[in-house]
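To be precise, the following lines are query01.cif, and they hold mmCIF, C-alpha atoms.
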data_upload
loop_
_atom_site.label_atom_id
_atom_site.label_comp_id
_atom_site.auth_asym_id
_atom_site.auth_seq_id
_atom_site.Cartn_x
_atom_site.Cartn_y
_atom_site.Cartn_z
CA MET A 1 73.49 162.61 94.70
CA ASP A 2 77.25 162.34 95.11
CA ARG A 3 78.19 165.96 94.69
CA ASP A 4 79.46 166.21 98.27
CA THR A 5 82.00 163.46 97.80
CA LEU A 6 83.50 164.84 94.63
CA PRO A 7 85.81 167.77 94.07
CA ASP A 8 83.95 170.70 92.57
CA VAL A 9 85.34 172.02 89.31
CA PRO A 10 83.71 175.45 89.12
CA SER A 11 86.26 176.59 86.57
CA THR A 12 85.04 174.29 83.78
CA PRO A 13 85.11 176.51 80.70
CA GLN A 14 81.70 177.42 79.28
CA PRO A 15 82.35 175.95 75.78
CA ALA A 16 82.89 172.50 77.29
CA ILE A 17 79.63 172.75 79.27
CA VAL A 18 77.73 173.90 76.19
CA ASP A 19 79.22 171.05 74.14
CA LEU A 20 78.38 168.52 76.82
CA LEU A 21 74.79 169.74 77.19
CA GLY A 22 74.42 169.98 73.40
CA ALA A 23 75.67 166.43 72.81
CA LEU A 24 73.42 165.12 75.56
CA ALA A 25 70.40 167.11 74.30
CA TYR A 26 70.76 165.76 70.79
CA GLY A 27 71.30 162.31 72.27
CA GLU A 28 67.94 162.59 74.02
CA LEU A 29 66.15 164.05 70.99
CA SER A 30 67.47 161.31 68.70
CA ALA A 31 66.73 158.63 71.32
CA PHE A 32 63.14 159.94 71.45
CA ASP A 33 62.97 159.67 67.68
CA ARG A 34 64.43 156.18 67.50
CA LEU A 35 62.45 154.71 70.39
CA ALA A 36 59.23 156.12 68.91
CA ASP A 37 60.19 154.51 65.62
CA ASP A 38 61.14 151.18 67.21
CA ALA A 39 57.87 151.10 69.21
CA ARG A 40 56.14 150.28 65.92
CA MET A 41 57.89 146.90 65.89
CA ALA A 42 56.32 145.88 69.20
CA PRO A 43 54.45 142.57 68.97
CA THR A 44 51.70 143.85 71.31
CA LEU A 45 49.99 147.15 72.11
CA VAL A 46 51.32 146.79 75.66
CA GLY A 47 54.93 146.62 74.46
CA ARG A 48 54.33 149.47 72.05
CA ALA A 49 52.95 151.68 74.83
CA GLN A 50 55.91 150.82 77.08
CA MET A 51 58.51 151.73 74.47
CA SER A 52 56.53 154.85 73.54
CA ALA A 53 56.62 155.82 77.24
CA MET A 54 60.43 155.56 77.17
CA ALA A 55 60.48 157.78 74.09
CA ALA A 56 58.27 160.39 75.79
CA ALA A 57 60.58 160.31 78.84
CA GLU A 58 63.58 161.01 76.57
CA PHE A 59 61.75 164.01 75.19
CA ARG A 60 61.11 165.38 78.68
CA ASP A 61 64.83 165.05 79.39
CA TYR A 62 65.64 166.79 76.12
CA ALA A 63 63.34 169.66 77.10
CA ARG A 64 65.14 170.10 80.44
CA LEU A 65 68.55 170.21 78.74
CA ALA A 66 67.27 172.66 76.13
CA GLU A 67 65.94 174.87 78.92
CA ARG A 68 69.34 174.84 80.65
CA LEU A 69 71.07 175.80 77.39
CA GLN A 70 68.62 178.67 76.95
CA SER A 71 69.35 179.84 80.50
CA LEU A 72 73.02 180.01 79.40
CA ASP A 73 71.91 182.17 76.43
CA VAL A 74 72.66 179.39 73.96
CA GLU A 75 70.21 178.27 71.29
CA PRO A 76 69.66 174.53 71.81
CA ALA A 77 69.72 173.89 68.05
CA ALA A 78 73.13 175.58 67.74
CA ALA A 79 74.55 173.60 70.65
CA MET A 80 73.24 170.31 69.22
CA GLU A 81 74.32 170.85 65.63
CA PRO A 82 77.97 169.66 66.00
CA PHE A 83 76.77 166.28 67.30
CA VAL A 84 73.98 165.51 64.82
CA ALA A 85 76.19 163.71 62.29
CA ALA A 86 77.89 161.37 64.78
CA LEU A 87 74.64 160.39 66.49
CA GLU A 88 72.75 159.91 63.24
CA THR A 89 75.62 157.75 61.96
CA TYR A 90 75.47 155.67 65.13
CA HIS A 91 71.71 155.20 64.78
CA SER A 92 71.81 154.44 61.07
CA LEU A 93 74.55 151.81 61.62
CA THR A 94 72.58 150.25 64.49
CA SER A 95 69.06 150.34 63.14
CA PRO A 96 67.27 147.39 64.77
CA SER A 97 65.61 144.91 62.43
CA THR A 98 63.60 143.13 65.13
CA TRP A 99 61.73 144.08 68.28
CA LEU A 100 64.29 142.28 70.46
CA GLU A 101 67.16 144.14 68.82
CA SER A 102 65.43 147.43 69.59
CA VAL A 103 64.89 146.36 73.22
CA VAL A 104 68.56 145.41 73.60
CA LYS A 105 69.63 148.67 71.99
CA ALA A 106 67.45 150.69 74.38
CA TYR A 107 69.06 148.97 77.36
CA VAL A 108 72.65 148.16 76.30
CA GLY A 109 73.37 151.02 73.87
CA ASP A 110 71.66 153.76 75.84
CA GLY A 111 73.01 152.31 79.09
CA MET A 112 76.57 152.55 77.87
CA ALA A 113 76.06 156.11 76.64
CA ALA A 114 74.57 157.03 80.02
CA ASP A 115 77.60 155.57 81.83
CA PHE A 116 79.91 157.63 79.64
CA TYR A 117 78.02 160.87 80.32
CA ARG A 118 77.94 160.12 84.04
CA GLU A 119 81.72 159.75 84.03
CA VAL A 120 82.19 163.02 82.16
CA ALA A 121 79.75 164.72 84.54
CA GLU A 122 82.25 164.16 87.36
CA PHE A 123 84.41 166.88 85.84
CA VAL A 124 81.82 169.68 85.67
CA ASP A 125 80.18 172.04 88.14
CA PRO A 126 77.71 170.54 90.64
CA ASP A 127 74.59 172.10 89.06
CA THR A 128 75.37 170.74 85.62
CA ARG A 129 76.36 167.40 87.13
CA SER A 130 73.12 167.17 89.02
CA LEU A 131 71.08 167.95 85.87
CA ILE A 132 73.01 165.33 83.87
CA HIS A 133 72.54 162.68 86.53
CA SER A 134 68.79 163.33 86.65
CA VAL A 135 68.25 163.14 82.88
CA LEU A 136 70.21 159.87 82.74
CA SER A 137 67.90 157.95 85.06
CA ASP A 138 67.01 154.57 83.65
CA GLY A 139 63.24 155.09 83.80
CA GLY A 140 62.42 151.41 84.25
CA ARG A 141 63.92 150.33 80.96
CA ALA A 142 66.24 147.76 82.58
CA GLU A 143 63.29 145.90 84.05
CA PHE A 144 61.45 146.11 80.73
CA ALA A 145 64.41 144.88 78.66
CA LEU A 146 65.16 142.01 81.05
CA ARG A 147 61.55 140.82 80.94
CA GLU A 148 61.33 140.95 77.15
CA VAL A 149 64.71 139.30 76.52
CA HIS A 150 64.33 136.59 79.19
CA SER A 151 60.91 135.72 77.84
CA ALA A 152 62.32 135.46 74.30
CA LEU A 153 65.30 133.35 75.42
CA THR A 154 62.92 130.93 77.13
CA THR A 155 60.66 130.40 74.14
CA GLU A 156 63.36 130.65 71.49
CA PRO A 157 66.88 130.00 72.87
CA SER A 158 68.39 130.27 69.40
CA VAL A 159 68.08 134.09 69.42
CA ARG A 160 70.80 134.29 72.09
CA GLY A 161 73.80 134.18 69.75
CA ARG A 162 72.35 136.77 67.40
CA LEU A 163 71.46 139.17 70.24
CA ALA A 164 74.92 138.80 71.80
CA LEU A 165 76.47 139.68 68.44
CA TRP A 166 74.08 142.62 68.12
CA ALA A 167 75.14 143.95 71.53
CA ARG A 168 78.80 143.76 70.49
CA ARG A 169 78.00 145.71 67.36
CA LEU A 170 76.24 148.40 69.41
CA VAL A 171 79.33 148.79 71.59
CA GLY A 172 81.68 148.93 68.62
CA GLU A 173 79.69 151.62 66.84
CA ALA A 174 79.21 153.64 70.04
CA ILE A 175 82.98 153.65 70.70
CA SER A 176 83.72 154.53 67.11
CA GLN A 177 81.36 157.53 67.08
CA THR A 178 82.55 158.71 70.50
CA GLN A 179 86.10 158.76 69.16
CA HIS A 180 84.99 160.81 66.16
CA VAL A 181 83.25 163.33 68.42
CA LEU A 182 86.22 163.65 70.78
CA ALA A 183 88.66 164.05 67.87
CA ASP A 184 86.44 166.82 66.54
CA ARG A 185 85.65 168.72 69.77
CA ASP A 186 88.71 169.95 71.62
CA SER A 187 86.55 171.26 74.45
CA LEU A 188 85.24 167.77 75.29
CA MET A 189 88.65 166.17 74.88
CA GLN A 190 90.12 168.72 77.31
CA LEU A 191 87.23 168.22 79.70
CA LEU A 192 87.83 164.49 79.73
CA PHE A 193 91.62 164.56 79.91
CA GLY A 194 91.93 167.78 81.87
CA GLY A 195 89.30 166.59 84.34
CA SER A 196 90.81 163.21 84.96
CA GLY A 197 94.28 164.69 85.01
CA GLU A 198 96.11 161.78 83.52
CA LEU A 199 95.83 158.91 81.11
CA ALA A 200 95.59 156.36 83.93
CA SER A 201 92.33 157.96 85.04
CA VAL A 202 90.88 157.72 81.55
CA ALA A 203 91.86 154.06 81.54
CA GLY A 204 89.96 153.71 84.82
CA LEU A 205 86.94 155.44 83.28
CA ILE A 206 86.93 153.00 80.36
CA ALA A 207 87.35 150.07 82.71
CA ARG A 208 84.34 151.17 84.81
CA ILE A 209 82.15 151.60 81.73
CA THR A 210 83.22 148.14 80.52
CA VAL A 211 82.39 146.55 83.88
CA ARG A 212 78.89 148.07 83.86
CA HIS A 213 78.34 146.94 80.29
CA ASP A 214 79.34 143.38 81.24
CA GLU A 215 76.88 143.52 84.15
CA ARG A 216 74.05 144.41 81.78
CA MET A 217 75.00 141.61 79.40
CA THR A 218 75.07 139.12 82.27
CA LYS A 219 71.66 140.27 83.52
CA LEU A 220 70.26 139.85 80.01
CA GLY A 221 71.68 136.32 79.84
CA LEU A 222 73.77 137.27 76.82
CA SER A 223 77.31 137.14 78.24
CA GLY A 224 80.04 134.52 78.01
CA MET B 1 34.87 173.85 82.13
CA ASP B 2 31.25 173.80 81.08
CA ARG B 3 30.04 170.93 83.19
CA ASP B 4 27.73 173.20 85.18
CA THR B 5 25.84 174.34 82.14
CA LEU B 6 25.20 170.88 80.75
CA PRO B 7 22.82 168.17 81.88
CA ASP B 8 24.66 165.38 83.65
CA VAL B 9 24.15 161.96 82.17
CA PRO B 10 25.29 159.74 85.04
CA SER B 11 23.54 156.76 83.51
CA THR B 12 25.88 156.49 80.51
CA PRO B 13 26.44 152.75 80.17
CA GLN B 14 29.96 151.58 81.02
CA PRO B 15 30.63 149.95 77.59
CA ALA B 16 30.13 153.30 75.86
CA ILE B 17 32.55 155.02 78.26
CA VAL B 18 35.12 152.27 77.77
CA ASP B 19 34.75 152.50 73.99
CA LEU B 20 35.05 156.27 74.07
CA LEU B 21 38.15 156.21 76.27
CA GLY B 22 39.63 153.34 74.24
CA ALA B 23 39.11 155.14 70.92
CA LEU B 24 40.57 158.32 72.35
CA ALA B 25 43.52 156.49 73.95
CA TYR B 26 44.44 154.81 70.68
CA GLY B 27 43.96 158.14 68.93
CA GLU B 28 46.55 159.69 71.25
CA LEU B 29 48.97 156.76 70.98
CA SER B 30 48.81 156.75 67.20
CA ALA B 31 49.07 160.56 67.09
CA PHE B 32 52.21 160.27 69.22
CA ASP B 33 53.58 157.73 66.75
CA ARG B 34 52.74 159.78 63.66
CA LEU B 35 53.93 163.12 65.00
CA ALA B 36 57.22 161.53 66.09
CA ASP B 37 57.54 160.11 62.59
CA ASP B 38 56.62 163.38 60.88
CA ALA B 39 59.08 165.34 63.05
CA ARG B 40 61.85 163.76 60.97
CA MET B 41 60.66 165.78 57.96
CA ALA B 42 61.28 169.08 59.76
CA PRO B 43 63.55 171.39 57.79
CA THR B 44 65.25 172.61 60.99
CA LEU B 45 66.17 171.20 64.39
CA VAL B 46 63.86 173.82 65.93
CA GLY B 47 60.86 172.57 63.96
CA ARG B 48 61.78 168.99 64.71
CA ALA B 49 61.93 169.71 68.44
CA GLN B 50 58.56 171.50 68.31
CA MET B 51 56.79 168.63 66.56
CA SER B 52 58.51 166.14 68.86
CA ALA B 53 57.16 168.14 71.80
CA MET B 54 53.61 167.74 70.42
CA ALA B 55 54.21 164.01 70.11
CA ALA B 56 55.41 163.78 73.70
CA ALA B 57 52.31 165.72 74.82
CA GLU B 58 50.09 163.21 73.01
CA PHE B 59 51.82 160.42 74.90
CA ARG B 60 51.18 162.14 78.24
CA ASP B 61 47.49 162.35 77.30
CA TYR B 62 47.50 158.69 76.30
CA ALA B 63 48.97 157.78 79.69
CA ARG B 64 46.17 159.65 81.52
CA LEU B 65 43.46 157.88 79.50
CA ALA B 66 45.15 154.50 80.05
CA GLU B 67 45.24 155.23 83.77
CA ARG B 68 41.52 156.02 83.78
CA LEU B 69 40.75 152.79 81.94
CA GLN B 70 42.79 150.86 84.50
CA SER B 71 40.86 152.53 87.31
CA LEU B 72 37.71 151.12 85.63
CA ASP B 73 39.38 147.66 85.70
CA VAL B 74 39.81 147.65 81.94
CA GLU B 75 43.11 146.79 80.24
CA PRO B 76 43.99 149.77 78.01
CA ALA B 77 45.18 147.46 75.22
CA ALA B 78 41.82 145.64 75.21
CA ALA B 79 39.85 148.90 75.12
CA MET B 80 41.98 150.26 72.27
CA GLU B 81 42.00 147.13 70.11
CA PRO B 82 38.62 147.71 68.35
CA PHE B 83 39.82 151.10 67.07
CA VAL B 84 43.29 150.20 65.84
CA ALA B 85 42.24 149.27 62.30
CA ALA B 86 40.20 152.43 61.61
CA LEU B 87 42.86 154.78 62.96
CA GLU B 88 45.71 153.01 61.19
CA THR B 89 43.70 153.14 57.96
CA TYR B 90 43.14 156.87 58.43
CA HIS B 91 46.85 157.45 59.03
CA SER B 92 48.00 155.26 56.15
CA LEU B 93 45.64 157.06 53.76
CA THR B 94 46.81 160.46 55.00
CA SER B 95 50.53 159.90 55.32
CA PRO B 96 52.11 163.34 54.73
CA SER B 97 54.72 163.54 52.00
CA THR B 98 56.04 166.97 52.99
CA TRP B 99 56.71 168.87 56.19
CA LEU B 100 53.87 171.31 55.45
CA GLU B 101 51.40 168.48 54.91
CA SER B 102 52.36 167.06 58.29
CA VAL B 103 51.91 170.48 59.92
CA VAL B 104 48.46 170.90 58.34
CA LYS B 105 47.49 167.38 59.39
CA ALA B 106 48.55 168.04 62.99
CA TYR B 107 46.34 171.15 63.08
CA VAL B 108 43.40 170.43 60.75
CA GLY B 109 43.07 166.64 61.10
CA ASP B 110 43.71 166.45 64.83
CA GLY B 111 41.63 169.59 65.38
CA MET B 112 38.62 168.06 63.70
CA ALA B 113 39.00 164.84 65.68
CA ALA B 114 39.22 166.87 68.88
CA ASP B 115 36.02 168.75 68.00
CA PHE B 116 34.23 165.44 67.43
CA TYR B 117 35.36 164.01 70.79
CA ARG B 118 34.41 167.23 72.57
CA GLU B 119 30.88 166.95 71.13
CA VAL B 120 30.58 163.31 72.20
CA ALA B 121 31.90 164.22 75.64
CA GLU B 122 28.75 166.31 76.20
CA PHE B 123 26.82 163.06 76.58
CA VAL B 124 28.92 161.43 79.30
CA ASP B 125 29.38 161.85 83.05
CA PRO B 126 31.15 165.02 84.25
CA ASP B 127 34.36 163.25 85.37
CA THR B 128 34.88 161.56 82.02
CA ARG B 129 33.93 164.77 80.23
CA SER B 130 36.45 166.74 82.22
CA LEU B 131 39.21 164.23 81.47
CA ILE B 132 38.37 164.27 77.76
CA HIS B 133 38.36 168.06 77.60
CA SER B 134 41.75 168.22 79.32
CA VAL B 135 43.46 165.71 77.01
CA LEU B 136 42.10 167.54 73.96
CA SER B 137 43.84 170.82 74.70
CA ASP B 138 45.57 172.21 71.67
CA GLY B 139 49.00 172.48 73.29
CA GLY B 140 50.15 175.41 71.17
CA ARG B 141 49.89 173.57 67.88
CA ALA B 142 47.55 176.14 66.31
CA GLU B 143 50.14 178.88 66.76
CA PHE B 144 52.86 176.57 65.44
CA ALA B 145 50.87 175.51 62.36
CA LEU B 146 49.83 179.06 61.51
CA ARG B 147 53.42 180.28 61.71
CA GLU B 148 54.79 177.47 59.52
CA VAL B 149 52.02 177.67 56.90
CA HIS B 150 51.93 181.49 56.70
CA SER B 151 55.69 181.58 56.28
CA ALA B 152 55.48 179.00 53.48
CA LEU B 153 52.61 180.81 51.73
CA THR B 154 54.66 184.01 51.76
CA THR B 155 57.78 182.52 50.22
CA GLU B 156 56.01 180.04 47.92
CA PRO B 157 52.37 181.01 47.24
CA SER B 158 51.97 178.10 44.82
CA VAL B 159 51.74 175.58 47.69
CA ARG B 160 48.34 177.00 48.66
CA GLY B 161 46.24 174.95 46.25
CA ARG B 162 47.98 171.71 47.11
CA LEU B 163 47.61 172.28 50.85
CA ALA B 164 43.92 173.17 50.51
CA LEU B 165 43.37 169.93 48.58
CA TRP B 166 45.32 168.05 51.25
CA ALA B 167 43.10 169.47 54.00
CA ARG B 168 39.99 168.33 52.11
CA ARG B 169 41.43 164.86 51.82
CA LEU B 170 42.10 164.77 55.58
CA VAL B 171 38.47 165.67 56.25
CA GLY B 172 37.15 163.09 53.81
CA GLU B 173 39.20 160.27 55.27
CA ALA B 174 38.38 161.29 58.85
CA ILE B 175 34.65 161.24 58.11
CA SER B 176 34.94 157.93 56.31
CA GLN B 177 36.76 156.21 59.19
CA THR B 178 34.42 157.72 61.80
CA GLN B 179 31.48 156.23 59.92
CA HIS B 180 33.19 152.82 59.89
CA VAL B 181 33.77 153.00 63.65
CA LEU B 182 30.20 154.08 64.42
CA ALA B 183 28.75 151.36 62.17
CA ASP B 184 30.87 148.84 64.04
CA ARG B 185 30.37 150.00 67.64
CA ASP B 186 26.74 150.08 68.74
CA SER B 187 27.73 151.56 72.08
CA LEU B 188 29.16 154.70 70.49
CA MET B 189 26.31 155.01 68.02
CA GLN B 190 23.83 154.86 70.90
CA LEU B 191 25.88 157.32 72.91
CA LEU B 192 25.82 159.78 70.04
CA PHE B 193 22.19 159.35 69.02
CA GLY B 194 20.83 158.54 72.48
CA GLY B 195 22.71 161.50 73.95
CA SER B 196 21.58 164.03 71.42
CA GLY B 197 18.08 162.58 71.44
CA GLU B 198 17.23 163.19 67.84
CA LEU B 199 18.63 163.39 64.36
CA ALA B 200 18.32 167.17 64.30
CA SER B 201 20.83 167.39 67.15
CA VAL B 202 23.31 165.22 65.29
CA ALA B 203 22.91 167.55 62.32
CA GLY B 204 23.71 170.42 64.69
CA LEU B 205 26.79 168.58 65.92
CA ILE B 206 28.04 168.09 62.37
CA ALA B 207 27.32 171.73 61.55
CA ARG B 208 29.33 172.93 64.57
CA ILE B 209 32.30 170.72 63.66
CA THR B 210 32.15 172.03 60.07
CA VAL B 211 32.11 175.65 61.23
CA ARG B 212 35.19 175.10 63.42
CA HIS B 213 36.97 173.36 60.56
CA ASP B 214 36.23 176.30 58.27
CA GLU B 215 37.63 178.66 60.91
CA ARG B 216 40.91 176.74 60.99
CA MET B 217 41.13 176.78 57.18
CA THR B 218 40.51 180.53 57.13
CA LYS B 219 43.19 181.13 59.77
CA LEU B 220 45.65 179.08 57.74
CA GLY B 221 44.84 181.13 54.65
CA LEU B 222 43.68 178.00 52.83
CA SER B 223 39.93 178.64 52.52
CA GLY B 224 37.81 179.90 49.68
#

Please go through the file and, once you have read it, give me the structure as structure tokens.
Amino acid sequence: MDRDTLPDVPSTPQPAIVDLLGALAYGELSAFDRLADDARMAPTLVGRAQMSAMAAAEFRDYARLAERLQSLDVEPAAAMEPFVAALETYHSLTSPSTWLESVVKAYVGDGMAADFYREVAEFVDPDTRSLIHSVLSDGGRAEFALREVHSALTTEPSVRGRLALWARRLVGEAISQTQHVLADRDSLMQLLFGGSGELASVAGLIARITVRHDERMTKLGLSG
Amino acid sequence: MDRDTLPDVPSTPQPAIVDLLGALAYGELSAFDRLADDARMAPTLVGRAQMSAMAAAEFRDYARLAERLQSLDVEPAAAMEPFVAALETYHSLTSPSTWLESVVKAYVGDGMAADFYREVAEFVDPDTRSLIHSVLSDGGRAEFALREVHSALTTEPSVRGRLALWARRLVGEAISQTQHVLADRDSLMQLLFGGSGELASVAGLIARITVRHDERMTKLGLSG
């Protein structure tokens, strides 16, 4: 909890908060859907149960965000609607064709999205920030992804190049869809640029997200 | 909780308990999988979130059964393995092609399975029985199914015949796969016949399950 060290921004306009919660809620609902789908590709019942557990955790997070929207007198479905197309496009362009691709997506793709939301959360009121931080917890998926990928790289080193390429594609599509959303939602654009104050801060935000992405790639053994 | 009114059967052999918990655990895991899949057919984000919530609830129940198996020093995957084929066959033969079919399956098919497990639970120790009863709670799906089906029957009465036929198919396939499982697993067969003591009791069990099925069909407006 870092709310004490950050400047509070109690004046964040409601539409930006609703957009942020709506985007995040649909992100969780679609992550639930995709992880549940990808769990079917698991080579073992153990792996399938682990990925299903991640999916169920995403749903719990969705439910908490939906509850918060309702407490703001906003229908969750209405708040999510503007973000359905971008997220579905992202998922359809990054539909994993192997178990390992789905594992990397769950760690690298979702990790990058979580970093982005955490950065944006710095610009909102402490209650909303605290909720966002709690729904973005990793839930053990780093450990799971590292184990699965390391084991695969040991038995079949040739998958490395393909997985590294896959991770780059995830990043490219995530950036592309984020740009679409920001171009379309003034409230979020203002939150991001108004919150950081200046372009240099946004550059810093992007740099931090990039550093954390590189860390994940290094841990996976897929960098360089 | 009816454990006080029933004779305790503390001597239930461990293999039967493990089989029962394993069958139920895989039932929950595959129900999670299928409900998550079916949620994609929802005509609205609201319906999709509701069916996703049922899926997430199934996963929570799976996790509790897996935990119990682990406390008995049994790997959940090993306990589930013997039941994978029968349940996957059931699901592949009853794959819904419309949202309404998936709603009816979630209520009628899962309801019938739950009734069967509840009956079998009468023959096991009170702790296991209590766990089984708690993971078989309906979780609001009756109310959800009734609302969706009644609304559809009002706007499009012609779907009634097709849905009634669909429900009969669900029952037929469920009975067929249950027979396969019982023929294959002596422990469960003995639990069922040993527990009830005589064939007449098994006939009573089947009659009770049939009555409850008919009640669901009547509530849906699909009987007669």

Fewer than 4 positions away in the same chain doesn't count, so skip those; otherwise give me all residues within 9 Å of A:Ala121, counting all atoms listed in the file, as a VMD selection string.
chain A and resid 20 116 to 117 125 to 126 128 to 130 132 to 133

Tell me which residues the PyMOL selection byres ((chain B) within 8 of (chain A)) grabs here, as JSON, numbers by chain.
{"B": [29, 33, 36, 37, 40, 45, 46, 49, 52, 53, 55, 56, 59, 60, 77]}

Å distance separating atom CA of A:Val211 from atom CA of A:Glu88, one decimal place
26.4 Å

Can you find the residues with an atom no farther than 6 Å from (60.3, 143.3, 71.8), counting all atoms listed in the file, and report them as a list in words?
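Those residues lying close to the given coordinates are Ala42, Trp99, Leu100, Val103 and Glu148 of chain A.
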
What does the PyMOL selection byres ((chain A and resi 159-173) around 12) select in this file, as a PyMOL selection string?
chain A and resi 86-113+116+149-158+174-180+209-210+213-214+216-218+220-224

Between A:Arg212, A:Ala207, A:Ala23, A:Val135, which residue has the minimum interatomic distance to A:Leu182, considering all atoms listed in the file?
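The answer is A:Ala23, which sits nearest to A:Leu182.
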
Could you tell me which of A:Leu24, A:Leu69, A:Met54, A:Ala31 comes closest to A:Gly140 if we count only C-alpha atoms?
A:Met54

Which residue out of A:Val202, A:Ile17, A:Ala183, A:Leu146 has the minimum interatomic distance to A:Asp127 when only C-alpha atoms are used?
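Smallest distance to A:Asp127 is found for A:Ile17.
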
Spell out the residues picked by the PyMOL selection byres ((chain B and resi 120) around 10) here, as a ChimeraX atom specification.
/B:20,114-119,121-124,129,132,188,191-193,195-196,205

Which value, in Å to one decimal, gives the distance between atom CA of B:Ile206 and atom CA of B:Met189?
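Atom-to-atom, atom CA of B:Ile206 to atom CA of B:Met189, that is 14.4 Å.
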
Between atom CA of B:Asp138 and atom CA of B:Glu215, what is the distance in Å, rounded to a tenth?
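According to the coordinates, atom CA of B:Asp138 and atom CA of B:Glu215 are separated by 14.8 Å.
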
Check the smallest atom-to-atom distance from each of B:Gly139, B:Gly204, B:Gly27, B:Pro15 to B:Arg185 using only C-alpha atoms, then report the winner.
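When distances to B:Arg185 are compared using only C-alpha atoms, the smallest one comes from B:Pro15.
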